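Report on the following structure.
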Amino acid sequence: MTQTDYQIHGVNGPVVTVTGGRGLAMMDMVHVGVEGLIGEVVGVEGDVTTVQVYEDTAGLAPGQRVASTGAPMSILLGPGLLNRIFDGIARPLAVMADQSGPFLGRGLNLPALDLERTWDVTVAVQEGDQVEPGTLYASCPETPAITHRCLVPPGLTGKVTRAVPSGAYRVSEPLVEIADRRGKLHTLKLSQTWPIRTPRPFEERLPISRPLITGQRIIDTLFPIAKGGAAAIPGPFGAGKTMTQHQLAKWSDADIIVYLGCGERGNEMTQALEEFSELLDPRTRQPLMNRTILIANTSNMPVAAREASVYTGMTMAEYYRDMGYHVALMADSTSRWAEALREISGRLEEMPAEEGFPAYLASRLAEFYERAGYVKTLEGREGSVTVVGAVSPQGGDFSEPVTQNTRRYVRTFWGLDRALAYARHFPSINWLTSYSEYAADLTPWYDAQVGPNFAVCRRRLSLLLQEESKLMEIVKLIGADILPEDQKLVIETARLIRVGFLQQNAYHDIDTYVPLSKQLRMMELILRLYDGAKVRIDRAIPLSQIKETGIFDALSKVKYEAPNDRPEVFADYEARIDAALAAVDAANREQPEDGER
């Protein structure tokens, strides 16, 4: 049976039924209609096949031809992915715009890589070498920050029969020829194809033991995420999900950033493109885009491509992980990906589950988040993929299916609060509903790299915030004046923690990113004041006298006034605390015994 034997039988949105034979297999990639629209087989029943099309299906009609590629939906991987913007199925948007204008055309079957560009390649093997999966056979500088490492693909073991000399080559030119154990020859290039729905293999999973440093105090201190971990950022509209992910993408210490705009509004993706193109990487002082891949599948793009976009982004992330890099994948948002699943499921007439989502929603979320991890690669290096997925529950209801199922597969939960966002408290992560199960796993790293006092300070800050929450219930009923002085101190210290530590200004030169060493010193200052004030209150000195010194207000401004690279200034703040408390002591010594306390 030839490819032209397949014909369109019916069209229902992005879902197309095909008749004409039994040659199509599940997950095969096909080209549909006169324009050759890209699609994927999602159902096979007898000689009727169901295809989901990743482009607008307007104009398709029964009787038009469908051609099979005989392979699953795959993307081309190789040097040139970084510093580029792709759509949901890895087509470069800039090239598409050049060919069809700002309104992207259909049927543009473009490779992800520039096939004409040459790369300065260093070939690492020679004729007669024995190679196995993960063996380095070539490398080239992809950007000033990243060296691209080409590795023997999984499942291929053999002897090198031919190797070209180092020099300038295109991604499609043969570099190495390998004869496997059966004598079959395999040609390796700078590029390779990989099915997006198939996880890339690795040697073994490694224990999670290193944090992903973000420079955001509430994350690094209270709710850390580990390299190779998974986190969810749920929140209602306007709570700051996208802004939080932008901060993580800009400042986290990952080697590679894959930012996935899945169903996002076009203006938000435009903002991301403009900011990322202008920002300098704080580590290399090179443009941040030199280590960033952007995948833009906005809300007006075909819904089926939105469903595929998360797998496209994850496959690219795993590809760089296999080279020994630490990759952070930002998915914004998985709710709109789930909505795409729901729409396609409805078109396929599948039985709906809770709130109309398909019954396999939980398993699809599990498949996605399980591809995160800290691993030993086939080459023997360490690499990781860290996933941060935004969730957009309707009305901010965290009990809806996407949020609840996501919580089952992530260990860090940054719950955003609309009230905090409206009060201009950013990041608007609620410290009472959020949690991180990585904190205990990362404590040994913090003790060794930052200081043994870090975990202790974090625990004490969390307890003070929780105690404040309980006291505020009483305050709402009877007011704060009736509280004893030690409880007033808890409320005042918690206010200092919220305003002076947890609240962070993304647009301030000093406050936008804070190293761990400064975070520790800030916590130590707050607790130094709390402990000193507690001693005075135990001696019947009222809190109002301590507040009159202005020391609480002074500490709330440390985040702006203390430069990140000058830790010695914290000794001055410690001296100011001690001086303020000493002044309170002196004032009370001068009062008569029967004086008013």
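As shown in the structure tokens, the chain order sets the letters A, B, ...; within each chain, residues go from 1, and ligands are also counted from 1 in the order they appear.
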
Go through stretch 197-412 of chain A and collect every residue that DSSP, computed from the backbone, puts in strand (DSSP E); the answer should be as a compact mmCIF listing (two decimals) with all heavy atoms, in the first residue's frame.
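Contents of part_24.txt, as written:
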# COMPACT_ATOMS: atom_id res chain seq x y z
N GLU A 204 21.65 5.95 35.61
CA GLU A 204 20.92 5.72 36.85
C GLU A 204 20.47 7.05 37.43
O GLU A 204 21.04 8.10 37.15
CB GLU A 204 21.79 4.98 37.87
CG GLU A 204 23.02 5.76 38.33
CD GLU A 204 23.77 5.08 39.45
OE1 GLU A 204 23.11 4.55 40.37
OE2 GLU A 204 25.01 5.06 39.41
N ARG A 205 19.42 6.97 38.24
CA ARG A 205 18.99 8.15 38.99
C ARG A 205 19.87 8.30 40.23
O ARG A 205 20.20 7.32 40.88
CB ARG A 205 17.53 8.01 39.43
CG ARG A 205 16.53 8.28 38.33
CD ARG A 205 15.11 8.34 38.89
NE ARG A 205 14.14 8.56 37.84
CZ ARG A 205 13.73 9.74 37.42
NH1 ARG A 205 14.23 10.84 37.99
NH2 ARG A 205 12.85 9.85 36.45
N ALA A 230 10.90 18.76 41.17
CA ALA A 230 9.73 19.28 40.48
C ALA A 230 8.94 20.16 41.43
O ALA A 230 8.79 19.84 42.61
CB ALA A 230 8.85 18.15 39.95
N ALA A 231 8.46 21.28 40.92
CA ALA A 231 7.70 22.23 41.73
C ALA A 231 6.49 22.69 40.94
O ALA A 231 6.49 22.71 39.71
CB ALA A 231 8.56 23.43 42.13
N ALA A 232 5.45 23.08 41.68
CA ALA A 232 4.25 23.65 41.08
C ALA A 232 4.04 25.05 41.63
O ALA A 232 4.28 25.30 42.81
CB ALA A 232 3.04 22.77 41.39
N ILE A 233 3.61 25.96 40.75
CA ILE A 233 3.25 27.32 41.16
C ILE A 233 1.78 27.54 40.81
O ILE A 233 1.46 28.02 39.71
CB ILE A 233 4.11 28.39 40.46
CG1 ILE A 233 5.59 28.08 40.56
CG2 ILE A 233 3.85 29.77 41.07
CD1 ILE A 233 6.47 29.11 39.91
N PRO A 234 0.86 27.18 41.69
CA PRO A 234 -0.55 27.44 41.41
C PRO A 234 -0.95 28.82 41.90
O PRO A 234 -0.42 29.33 42.89
CB PRO A 234 -1.26 26.35 42.21
CG PRO A 234 -0.37 26.14 43.39
CD PRO A 234 1.04 26.41 42.93
N ILE A 256 21.24 25.57 31.62
CA ILE A 256 20.37 25.77 30.46
C ILE A 256 18.97 26.08 30.97
O ILE A 256 18.49 25.46 31.92
CB ILE A 256 20.31 24.53 29.55
CG1 ILE A 256 21.71 24.06 29.16
CG2 ILE A 256 19.44 24.79 28.32
CD1 ILE A 256 22.41 24.91 28.15
N ILE A 257 18.29 27.03 30.33
CA ILE A 257 16.90 27.35 30.64
C ILE A 257 16.03 27.01 29.42
O ILE A 257 16.33 27.45 28.30
CB ILE A 257 16.72 28.84 30.98
CG1 ILE A 257 17.58 29.22 32.19
CG2 ILE A 257 15.25 29.15 31.24
CD1 ILE A 257 17.18 28.55 33.47
N VAL A 258 14.99 26.22 29.64
CA VAL A 258 13.98 25.97 28.61
C VAL A 258 12.69 26.60 29.12
O VAL A 258 12.11 26.12 30.11
CB VAL A 258 13.79 24.47 28.34
CG1 VAL A 258 12.71 24.26 27.28
CG2 VAL A 258 15.10 23.82 27.90
N TYR A 259 12.27 27.69 28.48
CA TYR A 259 11.06 28.38 28.91
C TYR A 259 9.94 28.05 27.93
O TYR A 259 10.03 28.33 26.74
CB TYR A 259 11.28 29.90 28.97
CG TYR A 259 10.13 30.63 29.61
CD1 TYR A 259 10.10 30.85 30.98
CD2 TYR A 259 9.05 31.08 28.86
CE1 TYR A 259 9.04 31.51 31.58
CE2 TYR A 259 7.99 31.73 29.45
CZ TYR A 259 7.99 31.94 30.81
OH TYR A 259 6.93 32.57 31.40
N LEU A 260 8.90 27.43 28.47
CA LEU A 260 7.81 26.92 27.65
C LEU A 260 6.54 27.72 27.92
O LEU A 260 5.97 27.64 29.02
CB LEU A 260 7.59 25.43 27.98
CG LEU A 260 6.36 24.75 27.43
CD1 LEU A 260 6.39 24.78 25.91
CD2 LEU A 260 6.29 23.31 27.91
N GLY A 261 6.13 28.53 26.97
CA GLY A 261 4.89 29.28 27.07
C GLY A 261 3.77 28.47 26.44
O GLY A 261 3.56 28.51 25.23
N CYS A 262 3.07 27.72 27.27
CA CYS A 262 2.07 26.76 26.79
C CYS A 262 0.67 27.36 26.95
O CYS A 262 0.11 27.37 28.05
CB CYS A 262 2.19 25.46 27.60
SG CYS A 262 0.99 24.20 27.15
N THR A 292 19.47 29.86 26.65
CA THR A 292 18.02 29.77 26.80
C THR A 292 17.38 29.29 25.51
O THR A 292 17.77 29.68 24.42
CB THR A 292 17.43 31.14 27.20
OG1 THR A 292 18.03 31.58 28.41
CG2 THR A 292 15.93 31.06 27.38
N ILE A 293 16.36 28.43 25.67
CA ILE A 293 15.49 28.02 24.57
C ILE A 293 14.08 28.47 24.93
O ILE A 293 13.59 28.19 26.02
CB ILE A 293 15.51 26.49 24.36
CG1 ILE A 293 16.92 26.00 24.05
CG2 ILE A 293 14.55 26.09 23.26
CD1 ILE A 293 17.05 24.49 24.04
N LEU A 294 13.43 29.17 24.01
CA LEU A 294 12.06 29.61 24.23
C LEU A 294 11.12 28.85 23.30
O LEU A 294 11.38 28.76 22.09
CB LEU A 294 11.92 31.11 23.97
CG LEU A 294 12.62 32.05 24.96
CD1 LEU A 294 12.48 33.49 24.52
CD2 LEU A 294 12.07 31.87 26.36
N ILE A 295 10.08 28.29 23.86
CA ILE A 295 9.04 27.61 23.08
C ILE A 295 7.75 28.38 23.28
O ILE A 295 7.23 28.44 24.40
CB ILE A 295 8.89 26.15 23.50
CG1 ILE A 295 10.20 25.39 23.27
CG2 ILE A 295 7.74 25.47 22.75
CD1 ILE A 295 10.19 23.96 23.75
N ALA A 296 7.26 28.99 22.23
CA ALA A 296 6.08 29.85 22.31
C ALA A 296 4.92 29.18 21.60
O ALA A 296 4.91 29.07 20.37
CB ALA A 296 6.38 31.22 21.69
N ASN A 297 3.95 28.73 22.38
CA ASN A 297 2.71 28.21 21.80
C ASN A 297 1.58 28.98 22.46
O ASN A 297 1.01 28.56 23.46
CB ASN A 297 2.59 26.70 22.05
CG ASN A 297 1.45 26.11 21.26
OD1 ASN A 297 0.35 25.94 21.77
ND2 ASN A 297 1.70 25.79 20.02
N HIS A 326 22.94 21.02 33.82
CA HIS A 326 21.78 21.13 34.70
C HIS A 326 20.78 22.06 34.03
O HIS A 326 21.07 23.23 33.78
CB HIS A 326 22.19 21.66 36.08
CG HIS A 326 23.14 20.75 36.80
ND1 HIS A 326 22.74 19.55 37.37
CD2 HIS A 326 24.46 20.83 37.01
CE1 HIS A 326 23.78 18.95 37.92
NE2 HIS A 326 24.84 19.70 37.71
N VAL A 327 19.60 21.54 33.74
CA VAL A 327 18.60 22.24 32.94
C VAL A 327 17.39 22.55 33.81
O VAL A 327 16.96 21.71 34.61
CB VAL A 327 18.17 21.39 31.73
CG1 VAL A 327 17.24 22.18 30.82
CG2 VAL A 327 19.38 20.90 30.96
N ALA A 328 16.85 23.75 33.67
CA ALA A 328 15.61 24.14 34.35
C ALA A 328 14.54 24.37 33.28
O ALA A 328 14.74 25.18 32.36
CB ALA A 328 15.81 25.39 35.19
N LEU A 329 13.44 23.64 33.40
CA LEU A 329 12.32 23.76 32.46
C LEU A 329 11.18 24.50 33.15
O LEU A 329 10.67 24.05 34.18
CB LEU A 329 11.85 22.38 32.01
CG LEU A 329 10.55 22.31 31.20
CD1 LEU A 329 10.72 23.04 29.88
CD2 LEU A 329 10.13 20.87 30.96
N MET A 330 10.78 25.64 32.59
CA MET A 330 9.66 26.43 33.12
C MET A 330 8.46 26.22 32.21
O MET A 330 8.49 26.62 31.04
CB MET A 330 10.02 27.92 33.16
CG MET A 330 11.36 28.23 33.83
SD MET A 330 11.37 27.83 35.57
CE MET A 330 13.12 27.99 35.94
N ALA A 331 7.41 25.60 32.71
CA ALA A 331 6.21 25.33 31.92
C ALA A 331 5.10 26.26 32.39
O ALA A 331 4.66 26.19 33.54
CB ALA A 331 5.78 23.88 32.08
N ASP A 332 4.64 27.14 31.52
CA ASP A 332 3.64 28.14 31.88
C ASP A 332 2.56 28.17 30.80
O ASP A 332 2.75 28.75 29.73
CB ASP A 332 4.32 29.51 31.99
CG ASP A 332 3.41 30.59 32.54
OD1 ASP A 332 2.34 30.23 33.04
OD2 ASP A 332 3.77 31.78 32.45
N GLY A 373 14.61 14.88 37.03
CA GLY A 373 15.45 14.04 37.86
C GLY A 373 16.92 14.43 37.77
O GLY A 373 17.35 15.14 36.85
N TYR A 374 17.65 13.98 38.77
CA TYR A 374 19.11 14.16 38.83
C TYR A 374 19.71 12.80 38.49
O TYR A 374 19.45 11.82 39.19
CB TYR A 374 19.52 14.60 40.23
CG TYR A 374 20.91 15.19 40.34
CD1 TYR A 374 21.09 16.56 40.47
CD2 TYR A 374 22.05 14.40 40.30
CE1 TYR A 374 22.35 17.13 40.56
CE2 TYR A 374 23.32 14.94 40.38
CZ TYR A 374 23.46 16.30 40.53
OH TYR A 374 24.72 16.84 40.61
N VAL A 375 20.49 12.71 37.41
CA VAL A 375 20.88 11.41 36.89
C VAL A 375 22.38 11.35 36.60
O VAL A 375 23.07 12.37 36.49
CB VAL A 375 20.11 11.09 35.58
CG1 VAL A 375 18.61 11.18 35.80
CG2 VAL A 375 20.54 12.01 34.45
N LYS A 376 22.85 10.12 36.51
CA LYS A 376 24.16 9.83 35.93
C LYS A 376 23.93 9.49 34.47
O LYS A 376 23.20 8.56 34.15
CB LYS A 376 24.83 8.67 36.66
CG LYS A 376 26.20 8.30 36.12
CD LYS A 376 26.79 7.13 36.89
CE LYS A 376 28.15 6.71 36.33
NZ LYS A 376 28.69 5.55 37.07
N GLU A 382 27.20 13.89 35.54
CA GLU A 382 25.98 14.18 36.28
C GLU A 382 25.22 15.30 35.57
O GLU A 382 25.80 16.30 35.16
CB GLU A 382 26.29 14.60 37.72
CG GLU A 382 26.84 13.47 38.57
CD GLU A 382 27.04 13.89 40.02
OE1 GLU A 382 26.69 15.05 40.37
OE2 GLU A 382 27.52 13.06 40.82
N GLY A 383 23.92 15.10 35.42
CA GLY A 383 23.06 16.12 34.81
C GLY A 383 21.69 16.07 35.45
O GLY A 383 21.35 15.12 36.16
N SER A 384 20.91 17.10 35.22
CA SER A 384 19.60 17.13 35.84
C SER A 384 18.63 17.93 35.00
O SER A 384 19.02 18.79 34.21
CB SER A 384 19.67 17.73 37.25
OG SER A 384 20.00 19.11 37.19
N VAL A 385 17.35 17.62 35.17
CA VAL A 385 16.25 18.42 34.63
C VAL A 385 15.35 18.78 35.80
O VAL A 385 14.82 17.89 36.48
CB VAL A 385 15.44 17.67 33.56
CG1 VAL A 385 14.22 18.49 33.14
CG2 VAL A 385 16.29 17.36 32.34
N THR A 386 15.23 20.06 36.07
CA THR A 386 14.35 20.56 37.12
C THR A 386 13.13 21.18 36.46
O THR A 386 13.26 21.98 35.53
CB THR A 386 15.06 21.63 37.97
OG1 THR A 386 16.31 21.11 38.44
CG2 THR A 386 14.21 22.05 39.15
N VAL A 387 11.94 20.77 36.90
CA VAL A 387 10.70 21.23 36.27
C VAL A 387 9.94 22.12 37.23
O VAL A 387 9.71 21.75 38.39
CB VAL A 387 9.81 20.03 35.86
CG1 VAL A 387 8.50 20.53 35.26
CG2 VAL A 387 10.55 19.15 34.86
N VAL A 388 9.57 23.30 36.76
CA VAL A 388 8.71 24.22 37.51
C VAL A 388 7.48 24.47 36.65
O VAL A 388 7.57 25.12 35.61
CB VAL A 388 9.43 25.53 37.84
CG1 VAL A 388 8.49 26.47 38.58
CG2 VAL A 388 10.69 25.28 38.65
N GLY A 389 6.35 23.93 37.08
CA GLY A 389 5.12 24.04 36.30
C GLY A 389 4.13 24.99 36.95
O GLY A 389 3.78 24.84 38.12
N ALA A 390 3.69 25.99 36.21
CA ALA A 390 2.64 26.89 36.70
C ALA A 390 1.29 26.24 36.49
O ALA A 390 1.06 25.54 35.50
CB ALA A 390 2.71 28.23 35.97
N VAL A 391 0.39 26.46 37.44
CA VAL A 391 -0.97 25.95 37.36
C VAL A 391 -1.91 27.12 37.53
O VAL A 391 -1.72 27.96 38.42
CB VAL A 391 -1.25 24.87 38.44
CG1 VAL A 391 -2.62 24.24 38.22
CG2 VAL A 391 -0.16 23.81 38.43
N THR A 412 7.55 20.22 45.78
CA THR A 412 7.57 21.62 46.20
C THR A 412 6.31 22.29 45.68
O THR A 412 5.97 22.15 44.50
CB THR A 412 8.81 22.34 45.67
OG1 THR A 412 9.98 21.76 46.24
CG2 THR A 412 8.78 23.82 46.06

Test item, alpha helix (DSSP H) assignment across stretch 80-249 of chain A, answer as a PyMOL selection string
chain A and resi 93-100+217+241-249

Within 8 Å of A:Arg371 using only C-alpha atoms, minus same-chain residues under 4 positions, as a list in words:
Pro199, Met314, Glu367 and Val385 of chain A

Store the residues of this selection in a file with N, CA and C atoms, as a short mmCIF file (atom, residue, chain, number, x, y, z; two decimals), in the first residue's frame.
data_model
loop_
_atom_site.label_atom_id
_atom_site.label_comp_id
_atom_site.auth_asym_id
_atom_site.auth_seq_id
_atom_site.Cartn_x
_atom_site.Cartn_y
_atom_site.Cartn_z
N PRO A 199 11.00 9.18 26.71
CA PRO A 199 12.07 9.73 27.57
C PRO A 199 13.44 9.24 27.12
N MET A 314 10.47 19.19 27.03
CA MET A 314 11.13 18.20 27.88
C MET A 314 12.19 17.43 27.12
N GLU A 367 3.62 11.28 33.76
CA GLU A 367 4.62 11.04 32.72
C GLU A 367 5.50 12.28 32.53
N VAL A 385 17.35 17.62 35.17
CA VAL A 385 16.25 18.42 34.63
C VAL A 385 15.35 18.78 35.80
#

Can you work out which one of A:Arg407, A:Lys184, A:Lys250, A:Arg424 has the shortest atom-to-atom distance to A:Met289, counting only C-alpha atoms?
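Closest to A:Met289, using only C-alpha atoms: A:Lys250.
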
Surrounding residues of stretch 70-87 of chain A excluding itself and chain neighbours under 3 positions, 6 Å, only C-alpha atoms, as a ChimeraX atom specification:
/A:27-29,90-93,112-113,142,190-196,289-297

I need the residues from that last selection saved to file as a tab-separated table (two decimals), in the first residue's frame (with N, CA, C and O atoms), if you can.
chain	number	residue	atom	x	y	z
A	27	MET	N	0.97	6.76	17.04
A	27	MET	CA	2.03	7.75	17.22
A	27	MET	C	2.82	8.03	15.95
A	27	MET	O	3.83	8.74	15.99
A	28	ASP	N	2.40	7.46	14.82
A	28	ASP	CA	3.06	7.81	13.56
A	28	ASP	C	2.83	9.28	13.23
A	28	ASP	O	1.75	9.83	13.48
A	29	MET	N	3.84	9.92	12.68
A	29	MET	CA	3.71	11.29	12.20
A	29	MET	C	3.24	11.24	10.75
A	29	MET	O	3.74	10.45	9.93
A	90	ALA	N	8.50	22.50	17.58
A	90	ALA	CA	9.93	22.77	17.35
A	90	ALA	C	10.23	23.33	15.97
A	90	ALA	O	11.30	23.07	15.41
A	91	ARG	N	9.33	24.12	15.42
A	91	ARG	CA	9.64	24.85	14.19
A	91	ARG	C	10.11	26.26	14.57
A	91	ARG	O	9.46	26.92	15.39
A	92	PRO	N	11.23	26.72	14.02
A	92	PRO	CA	11.75	28.06	14.40
A	92	PRO	C	10.81	29.17	13.92
A	92	PRO	O	10.55	29.29	12.72
A	93	LEU	N	10.32	29.96	14.85
A	93	LEU	CA	9.34	30.98	14.51
A	93	LEU	C	9.92	32.08	13.63
A	93	LEU	O	9.23	32.63	12.78
A	112	ALA	N	14.19	22.09	13.10
A	112	ALA	CA	14.49	22.96	14.23
A	112	ALA	C	15.84	23.65	14.08
A	112	ALA	O	16.06	24.73	14.64
A	113	LEU	N	16.76	23.06	13.32
A	113	LEU	CA	18.12	23.57	13.21
A	113	LEU	C	18.35	24.25	11.87
A	113	LEU	O	17.66	23.98	10.88
A	142	GLU	N	28.65	25.95	21.02
A	142	GLU	CA	27.34	26.37	20.52
A	142	GLU	C	27.10	27.85	20.77
A	142	GLU	O	26.59	28.57	19.92
A	190	LEU	N	26.30	15.87	13.46
A	190	LEU	CA	26.12	16.77	14.59
A	190	LEU	C	24.69	16.71	15.13
A	190	LEU	O	24.45	17.04	16.29
A	191	SER	N	23.75	16.28	14.31
A	191	SER	CA	22.35	16.28	14.69
A	191	SER	C	21.83	14.85	14.80
A	191	SER	O	22.42	13.91	14.28
A	192	GLN	N	20.70	14.72	15.49
A	192	GLN	CA	20.01	13.45	15.61
A	192	GLN	C	18.53	13.73	15.82
A	192	GLN	O	18.15	14.83	16.25
A	193	THR	N	17.68	12.77	15.51
A	193	THR	CA	16.25	12.92	15.75
A	193	THR	C	15.85	12.08	16.95
A	193	THR	O	16.48	11.05	17.24
A	194	TRP	N	14.80	12.54	17.65
A	194	TRP	CA	14.34	11.79	18.82
A	194	TRP	C	12.84	11.98	18.96
A	194	TRP	O	12.33	13.09	18.87
A	195	PRO	N	12.10	10.89	19.24
A	195	PRO	CA	10.64	11.00	19.45
A	195	PRO	C	10.34	11.78	20.72
A	195	PRO	O	10.89	11.48	21.79
A	196	ILE	N	9.46	12.77	20.62
A	196	ILE	CA	9.25	13.67	21.75
A	196	ILE	C	8.55	12.99	22.92
A	196	ILE	O	8.71	13.41	24.06
A	289	MET	N	20.07	34.83	26.59
A	289	MET	CA	19.55	33.96	25.53
A	289	MET	C	20.60	32.96	25.06
A	289	MET	O	20.25	31.97	24.41
A	290	ASN	N	21.88	33.20	25.35
A	290	ASN	CA	22.92	32.26	24.93
A	290	ASN	C	22.79	30.90	25.61
A	290	ASN	O	23.43	29.94	25.18
A	291	ARG	N	22.02	30.83	26.69
A	291	ARG	CA	21.78	29.53	27.33
A	291	ARG	C	20.29	29.28	27.54
A	291	ARG	O	19.89	28.57	28.46
A	292	THR	N	19.47	29.86	26.65
A	292	THR	CA	18.02	29.77	26.80
A	292	THR	C	17.38	29.29	25.51
A	292	THR	O	17.77	29.68	24.42
A	293	ILE	N	16.36	28.43	25.67
A	293	ILE	CA	15.49	28.02	24.57
A	293	ILE	C	14.08	28.47	24.93
A	293	ILE	O	13.59	28.19	26.02
A	294	LEU	N	13.43	29.17	24.01
A	294	LEU	CA	12.06	29.61	24.23
A	294	LEU	C	11.12	28.85	23.30
A	294	LEU	O	11.38	28.76	22.09
A	295	ILE	N	10.08	28.29	23.86
A	295	ILE	CA	9.04	27.61	23.08
A	295	ILE	C	7.75	28.38	23.28
A	295	ILE	O	7.23	28.44	24.40
A	296	ALA	N	7.26	28.99	22.23
A	296	ALA	CA	6.08	29.85	22.31
A	296	ALA	C	4.92	29.18	21.60
A	296	ALA	O	4.91	29.07	20.37
A	297	ASN	N	3.95	28.73	22.38
A	297	ASN	CA	2.71	28.21	21.80
A	297	ASN	C	1.58	28.98	22.46
A	297	ASN	O	1.01	28.56	23.46

Give me, as a ChimeraX atom specification, all polymer residues having an atom no more than 12 Å from stretch 441-452 of chain A, counting only C-alpha atoms and skipping those fewer than 2 positions away in the same chain.
/A:207-213,220-227,229,411,436-439,454-459,515-521,524

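If only C-alpha atoms are the atoms counted, then among A:Ala506, A:Leu543, A:Val310, A:Ala586 the closest residue to A:Pro484 is A:Leu543.
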